[in-house]
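**Student:** You'll find final-v2.cif just under this line, and it carries mmCIF, C-alpha atoms and all ligand atoms.
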data_coords
loop_
_atom_site.label_atom_id
_atom_site.label_comp_id
_atom_site.auth_asym_id
_atom_site.auth_seq_id
_atom_site.Cartn_x
_atom_site.Cartn_y
_atom_site.Cartn_z
CA MET A 74 114.70 -131.21 127.05
CA ALA A 75 113.41 -129.45 123.94
CA LEU A 76 112.80 -125.71 123.93
CA VAL A 77 109.15 -124.97 123.17
CA ALA A 78 107.88 -122.06 121.07
CA PRO A 79 104.08 -121.98 120.82
CA SER A 80 102.89 -120.24 117.67
CA ILE A 81 100.14 -117.74 118.40
CA LEU A 82 98.93 -118.18 114.81
CA SER A 83 96.65 -120.89 116.21
CA ALA A 84 95.48 -118.82 119.18
CA ASP A 85 92.10 -117.10 119.24
CA PHE A 86 92.95 -113.66 117.82
CA SER A 87 89.92 -112.16 119.54
CA ALA A 88 91.54 -113.05 122.86
CA LEU A 89 95.20 -112.67 122.02
CA GLY A 90 96.08 -111.02 125.32
CA GLU A 91 94.73 -113.99 127.24
CA ALA A 92 96.72 -116.38 125.06
CA ILE A 93 99.88 -114.43 125.91
CA ASP A 94 99.00 -114.52 129.62
CA PHE A 95 98.55 -118.28 129.38
CA LEU A 96 101.96 -118.75 127.70
CA ASP A 97 103.52 -116.46 130.28
CA LYS A 98 102.10 -118.59 133.07
CA GLU A 99 103.42 -121.73 131.34
CA ALA A 100 106.87 -120.09 131.16
CA VAL A 101 107.43 -121.27 127.58
CA ASP A 102 110.87 -120.70 126.08
CA TYR A 103 109.76 -118.43 123.24
CA ILE A 104 106.54 -117.05 121.84
CA HIS A 105 106.60 -117.69 118.10
CA ILE A 106 105.02 -114.85 116.13
CA ASP A 107 104.16 -115.55 112.49
CA VAL A 108 104.17 -112.38 110.44
CA MET A 109 102.60 -112.89 106.99
CA ASP A 110 102.16 -110.22 104.35
CA GLY A 111 99.79 -111.82 101.84
CA LEU A 112 102.57 -111.63 99.24
CA TYR A 113 105.43 -113.88 100.25
CA VAL A 114 102.75 -116.25 101.56
CA PRO A 115 99.05 -116.30 100.68
CA ASN A 116 97.90 -115.30 104.16
CA LEU A 117 97.92 -112.13 106.21
CA THR A 118 98.43 -111.91 109.97
CA PHE A 119 99.80 -109.06 112.06
CA GLY A 120 102.62 -106.58 112.12
CA PRO A 121 104.55 -104.30 114.47
CA PRO A 122 101.55 -102.63 116.22
CA VAL A 123 100.15 -105.96 117.42
CA ILE A 124 103.58 -107.16 118.51
CA ARG A 125 104.10 -103.91 120.42
CA SER A 126 100.76 -104.25 122.18
CA ILE A 127 101.39 -107.79 123.43
CA ARG A 128 105.00 -106.98 124.37
CA SER A 129 103.96 -105.35 127.63
CA ARG A 130 102.21 -108.52 128.86
CA THR A 131 105.23 -110.82 129.15
CA GLU A 132 108.99 -111.00 129.42
CA ILE A 133 109.16 -114.23 127.42
CA PRO A 134 111.37 -113.76 124.34
CA PHE A 135 109.51 -113.01 121.12
CA ASP A 136 110.65 -115.25 118.29
CA VAL A 137 109.46 -113.35 115.24
CA HIS A 138 109.14 -115.32 112.01
CA LEU A 139 108.92 -112.94 109.06
CA MET A 140 107.13 -114.47 106.10
CA ILE A 141 107.22 -111.22 104.21
CA ASP A 142 108.71 -110.00 100.98
CA ARG A 143 111.71 -107.66 101.30
CA PRO A 144 112.08 -107.95 105.07
CA GLU A 145 114.98 -105.47 104.97
CA HIS A 146 112.48 -102.65 104.41
CA SER A 147 110.62 -103.14 107.67
CA VAL A 148 112.92 -105.12 109.95
CA ASP A 149 113.63 -102.02 112.08
CA GLN A 150 109.96 -101.78 112.97
CA TYR A 151 109.91 -105.35 114.25
CA ILE A 152 113.02 -104.69 116.30
CA ALA A 153 111.45 -101.53 117.76
CA ALA A 154 108.23 -103.43 118.51
CA GLY A 155 110.12 -105.81 120.79
CA ALA A 156 111.40 -108.79 118.78
CA ASP A 157 114.15 -110.74 120.55
CA ARG A 158 114.88 -112.96 117.56
CA ILE A 159 114.08 -112.35 113.92
CA THR A 160 114.01 -115.06 111.29
CA PHE A 161 113.54 -114.29 107.62
CA HIS A 162 113.44 -116.27 104.38
CA THR A 163 116.46 -115.96 102.09
CA ASP A 164 114.37 -115.98 98.93
CA ALA A 165 112.44 -112.92 100.13
CA THR A 166 115.51 -110.70 100.14
CA ILE A 167 118.50 -110.13 97.91
CA HIS A 168 121.35 -109.72 100.41
CA SER A 169 120.82 -112.27 103.17
CA HIS A 170 124.23 -111.75 104.69
CA ARG A 171 123.70 -108.00 104.96
CA LEU A 172 120.32 -108.49 106.64
CA VAL A 173 121.70 -110.99 109.15
CA TYR A 174 124.26 -108.38 110.16
CA ALA A 175 121.72 -105.56 110.33
CA ILE A 176 119.62 -107.63 112.74
CA LYS A 177 122.58 -108.60 114.90
CA GLU A 178 123.94 -105.07 115.02
CA ALA A 179 120.60 -104.02 116.52
CA GLY A 180 121.21 -106.50 119.35
CA VAL A 181 118.64 -109.01 118.14
CA ARG A 182 119.31 -112.68 117.35
CA ALA A 183 119.17 -113.54 113.68
CA GLY A 184 117.78 -116.59 111.98
CA ILE A 185 117.22 -117.89 108.50
CA SER A 186 114.37 -120.12 107.50
CA LEU A 187 114.53 -122.89 104.92
CA ASN A 188 111.37 -123.85 103.06
CA PRO A 189 110.67 -127.54 102.43
CA GLY A 190 112.03 -127.25 98.89
CA GLN A 191 115.25 -125.47 99.85
CA SER A 192 118.56 -127.15 100.46
CA PRO A 193 120.73 -126.39 103.51
CA GLU A 194 123.60 -125.98 101.06
CA SER A 195 122.28 -122.50 100.25
CA ILE A 196 123.18 -121.26 103.74
CA ARG A 197 126.55 -122.96 104.12
CA TYR A 198 128.43 -119.66 104.04
CA LEU A 199 126.15 -118.06 106.60
CA LEU A 200 126.63 -120.68 109.29
CA ASP A 201 129.25 -118.70 111.22
CA ASP A 202 126.92 -115.71 111.41
CA LEU A 203 123.58 -117.22 112.36
CA ASP A 204 121.97 -117.65 115.77
CA LEU A 205 119.29 -119.99 114.50
CA ILE A 206 118.08 -121.97 111.51
CA LEU A 207 114.34 -122.44 111.21
CA VAL A 208 113.55 -125.57 109.25
CA MET A 209 110.05 -125.34 107.77
CA SER A 210 108.40 -128.74 107.94
CA VAL A 211 105.33 -127.42 106.08
CA ASN A 212 105.11 -124.83 103.33
CA PRO A 213 104.79 -121.49 105.11
CA GLY A 214 101.49 -119.67 105.25
CA PHE A 215 99.07 -121.64 107.38
CA GLY A 216 98.79 -123.49 110.65
CA GLY A 217 97.49 -127.04 110.89
CA GLN A 218 99.19 -128.50 107.82
CA LYS A 219 100.58 -131.99 107.43
CA PHE A 220 104.18 -132.57 108.49
CA ILE A 221 106.61 -133.06 105.59
CA GLU A 222 108.68 -136.16 106.32
CA SER A 223 111.90 -135.11 104.58
CA SER A 224 112.33 -132.43 107.26
CA VAL A 225 113.77 -134.99 109.67
CA GLU A 226 116.57 -135.82 107.27
CA LYS A 227 117.17 -132.14 106.63
CA VAL A 228 117.60 -131.48 110.34
CA ARG A 229 120.13 -134.31 110.50
CA GLU A 230 122.00 -132.87 107.53
CA ILE A 231 122.11 -129.37 109.04
CA ARG A 232 123.33 -130.73 112.37
CA LYS A 233 126.20 -132.39 110.49
CA MET A 234 126.95 -129.26 108.47
CA LEU A 235 127.17 -127.20 111.65
CA ARG A 236 130.11 -129.25 112.95
CA GLY A 237 129.44 -128.31 116.53
CA ARG A 238 128.75 -124.62 115.92
CA ASP A 239 126.40 -123.10 118.47
CA VAL A 240 123.49 -122.48 116.10
CA GLU A 241 120.00 -123.43 117.25
CA ILE A 242 118.03 -125.68 114.93
CA MET A 243 114.34 -124.92 115.27
CA VAL A 244 111.56 -126.72 113.39
CA ASP A 245 108.22 -125.22 112.41
CA GLY A 246 105.12 -126.92 111.02
CA GLY A 247 103.11 -130.01 111.89
CA VAL A 248 104.99 -130.52 115.14
CA ASN A 249 103.40 -132.72 117.78
CA GLU A 250 104.81 -135.17 120.33
CA HIS A 251 105.45 -137.83 117.62
CA THR A 252 107.07 -135.70 114.93
CA GLY A 253 108.78 -133.64 117.64
CA LYS A 254 110.45 -136.70 119.11
CA ARG A 255 111.99 -137.63 115.76
CA LEU A 256 113.10 -134.06 115.13
CA VAL A 257 114.84 -133.80 118.50
CA GLU A 258 116.56 -137.14 117.89
CA ALA A 259 117.77 -135.78 114.54
CA GLY A 260 119.27 -132.70 116.21
CA ALA A 261 116.55 -130.07 116.65
CA ARG A 262 116.89 -127.95 119.77
CA SER A 263 113.59 -126.08 119.67
CA LEU A 264 110.10 -126.84 118.39
CA VAL A 265 107.42 -124.46 117.16
CA ALA A 266 103.88 -125.73 117.59
CA GLY A 267 100.59 -124.02 116.87
CA SER A 268 97.62 -126.27 116.30
CA TYR A 269 99.02 -129.07 118.46
CA ILE A 270 99.10 -126.76 121.50
CA PHE A 271 96.12 -124.48 120.93
CA GLY A 272 93.94 -127.26 119.49
CA HIS A 273 94.69 -129.60 122.38
CA GLU A 274 92.03 -130.25 124.99
CA ASP A 275 94.69 -129.51 127.61
CA PRO A 276 97.22 -127.04 126.11
CA SER A 277 99.41 -127.18 129.24
CA SER A 278 99.93 -130.90 128.85
CA ALA A 279 100.77 -130.44 125.16
CA ILE A 280 103.50 -127.97 126.17
CA ARG A 281 104.79 -130.38 128.80
CA ALA A 282 104.83 -133.25 126.28
CA LEU A 283 106.99 -131.26 123.86
CA ARG A 284 109.26 -130.00 126.60
CA SER A 285 109.97 -133.52 127.80
CA LEU A 286 111.32 -134.63 124.41
C1 LIG B 301 103.39 -121.65 109.16
C2 LIG B 301 103.92 -121.01 110.41
C3 LIG B 301 103.90 -121.86 111.62
C4 LIG B 301 102.54 -122.32 112.03
C5 LIG B 301 102.69 -123.73 112.49
O1 LIG B 301 103.66 -120.82 108.10
O2 LIG B 301 105.26 -120.59 110.21
O3 LIG B 301 104.57 -121.23 112.70
O4 LIG B 301 101.95 -121.58 113.07
O5 LIG B 301 101.45 -124.24 112.77
P1 LIG B 301 101.24 -125.79 113.12
O6 LIG B 301 102.05 -126.06 114.35
O7 LIG B 301 99.78 -125.86 113.35
O8 LIG B 301 101.71 -126.56 111.94
ZN ZN B 302 106.37 -119.86 111.97
#
Would you write the structure of this file as structure tokens?
Ligand code: DX5
Ligand code: ZN

**Tutor:**
Amino acid sequence: MALVAPSILSADFSALGEAIDFLDKEAVDYIHIDVMDGLYVPNLTFGPPVIRSIRSRTEIPFDVHLMIDRPEHSVDQYIAAGADRITFHTDATIHSHRLVYAIKEAGVRAGISLNPGQSPESIRYLLDDLDLILVMSVNPGFGGQKFIESSVEKVREIRKMLRGRDVEIMVDGGVNEHTGKRLVEAGARSLVAGSYIFGHEDPSSAIRALRSL
């Protein structure tokens, strides 16, 4: 069974509370929250105040994906707003190892995200410290993009590199029941999905389809 993390980037922002209530009812494994700053990626979403306001509606863990430049400057605000897991991009900060520790010392799980053009080799010496690795299977910034095929091989490579370490491999971008199946077979434990779930005529069945992989 795959863990499912719907991305609220594809939800209707004018009815965000209802989207959270829906995911709460579906008892999804995580709610994936895409924070974009218009600098690290060419799109702008939401920040700590929005996260804080939806926090009171559900107990489901918040999986916060920071697509922001210099995440070390504001990570405390995301922790205070109610993040349960925080993933950042190594090329947005200078001292990745220090930031991983700062997140973990605050009692929050820490993850690193790899863009489609980045090699897993760059995080080899962080593997003992990470809770999760978020493999981007699209270039970050937008929902609804086409799945990048080489991501499947990358997941397989990371699984090998981990040598049994208890680090969750999560994949984000262009995930649906077909791509998801191949990713899980390659070693992914959790799947982020935005447009597949929220664009589906029956979002509950989309969640069930991913969960059954
Ligand atoms: C992209 C985001 C994703 C996005 C995925 O930068 O990190 O989480 O919501 O959207 P889909 O599932 O539509 O590709
Ligand atoms: Zn994301």

**Student:** Collect all residues with atoms no farther than 12 Å from ligand ZN 302 (chain B), counting all atoms listed in the file, and output them as an NGL selection string.

**Tutor:** :A and (78-83 or 103-109 or 114 or 118 or 135-141 or 159-162 or 184-188 or 206-218 or 243-248 or 264-268)

**Student:** Looking at all atoms listed in the file, which of A:Ala84, A:Ala75, A:Leu89, A:Val240 is the one that sits closest to ligand LIG 301 (chain B)?

**Tutor:**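 Looking at the shortest contact to ligand LIG 301 (chain B), the residue is A:Ala84.
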
**Student:** Check the smallest atom-to-atom distance from each of A:Val173, A:Ala165, A:Leu235, A:Val181 to Pro193 of chain A using only C-alpha atoms, then report the winner.

**Tutor:** A:Leu235

**Student:** Pick out the closest residue to ligand LIG 301 (chain B) from this set: A:Pro121, A:Gly155, A:Gly90, A:Pro115. Count only C-alpha atoms and all ligand atoms.

**Tutor:**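 Of all the options, A:Pro115 lies closest to ligand LIG 301 (chain B).
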
**Student:** Taking all atoms listed in the file into account, which of A:Leu112, A:Ser147, A:Ile127, A:Glu241 comes nearest Ala88 of chain A?

**Tutor:**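 Checking each of A:Leu112, A:Ser147, A:Ile127, A:Glu241 against Ala88 of chain A, counting all atoms listed in the file, the winner is A:Ile127.
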
**Student:** Rounded to one decimal place, report the atom CA of Tyr269 of chain A-atom CA of Ala156 of chain A distance in Å.

**Tutor:**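 Rounded to one decimal, the two atoms are 23.8 Å apart.
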
**Student:** Go ahead and compute the interatomic distance for atom CA of Leu205 of chain A and atom CA of Ser278 of chain A, in Å to one decimal.

**Tutor:**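 Interatomic distance here is 26.5 Å.
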
**Student:** Show me, as a PDB file with C-alpha atoms, keeping the file's coordinate frame, the residues that have an atom within 12 Å of Arg130 of chain A when counting all atoms listed in the file, minus same-chain residues fewer than 4 positions from it.

**Tutor:**
ATOM      1  CA  LEU A  89      95.200-112.670 122.020  1.00  0.00           C
ATOM      2  CA  GLY A  90      96.080-111.020 125.320  1.00  0.00           C
ATOM      3  CA  GLU A  91      94.730-113.990 127.240  1.00  0.00           C
ATOM      4  CA  ALA A  92      96.720-116.380 125.060  1.00  0.00           C
ATOM      5  CA  ILE A  93      99.880-114.430 125.910  1.00  0.00           C
ATOM      6  CA  ASP A  94      99.000-114.520 129.620  1.00  0.00           C
ATOM      7  CA  PHE A  95      98.550-118.280 129.380  1.00  0.00           C
ATOM      8  CA  LEU A  96     101.960-118.750 127.700  1.00  0.00           C
ATOM      9  CA  ASP A  97     103.520-116.460 130.280  1.00  0.00           C
ATOM     10  CA  LYS A  98     102.100-118.590 133.070  1.00  0.00           C
ATOM     11  CA  ILE A 104     106.540-117.050 121.840  1.00  0.00           C
ATOM     12  CA  VAL A 123     100.150-105.960 117.420  1.00  0.00           C
ATOM     13  CA  ILE A 124     103.580-107.160 118.510  1.00  0.00           C
ATOM     14  CA  ARG A 125     104.100-103.910 120.420  1.00  0.00           C
ATOM     15  CA  SER A 126     100.760-104.250 122.180  1.00  0.00           C
ATOM     16  CA  PRO A 134     111.370-113.760 124.340  1.00  0.00           C
ATOM     17  CA  PHE A 135     109.510-113.010 121.120  1.00  0.00           C
ATOM     18  CA  GLY A 155     110.120-105.810 120.790  1.00  0.00           C
TER      19      GLY A 155
END

**Student:** Counting all atoms listed in the file, which residue out of A:Ile196, A:Leu172, A:Leu203, A:Ile270 sits closest to ligand LIG 301 (chain B)?

**Tutor:**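 For ligand LIG 301 (chain B), the nearest of the candidates is A:Ile270.
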
**Student:** One decimal, Å: what's the distance from atom CA of Leu283 of chain A over to atom CA of Glu230 of chain A, could you say?

**Tutor:** 22.2 Å

**Student:** For each of A:His168, A:Arg229, A:Arg182, A:His273, take the minimum atom-to-atom distance to ligand LIG 301 (chain B), counting all atoms listed in the file, then give the residue where this is smallest.

**Tutor:**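 Among the listed residues, A:His273 lies closest to ligand LIG 301 (chain B).
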
**Student:** Give me the residues near Ile231 of chain A as an NGL selection string, where near means some atom within 9 Å (using all atoms listed in the file) and where sequence neighbours in that chain fewer than 3 positions away do not count.

**Tutor:** :A and (193-194 or 206 or 226-228 or 234-236 or 242 or 260)
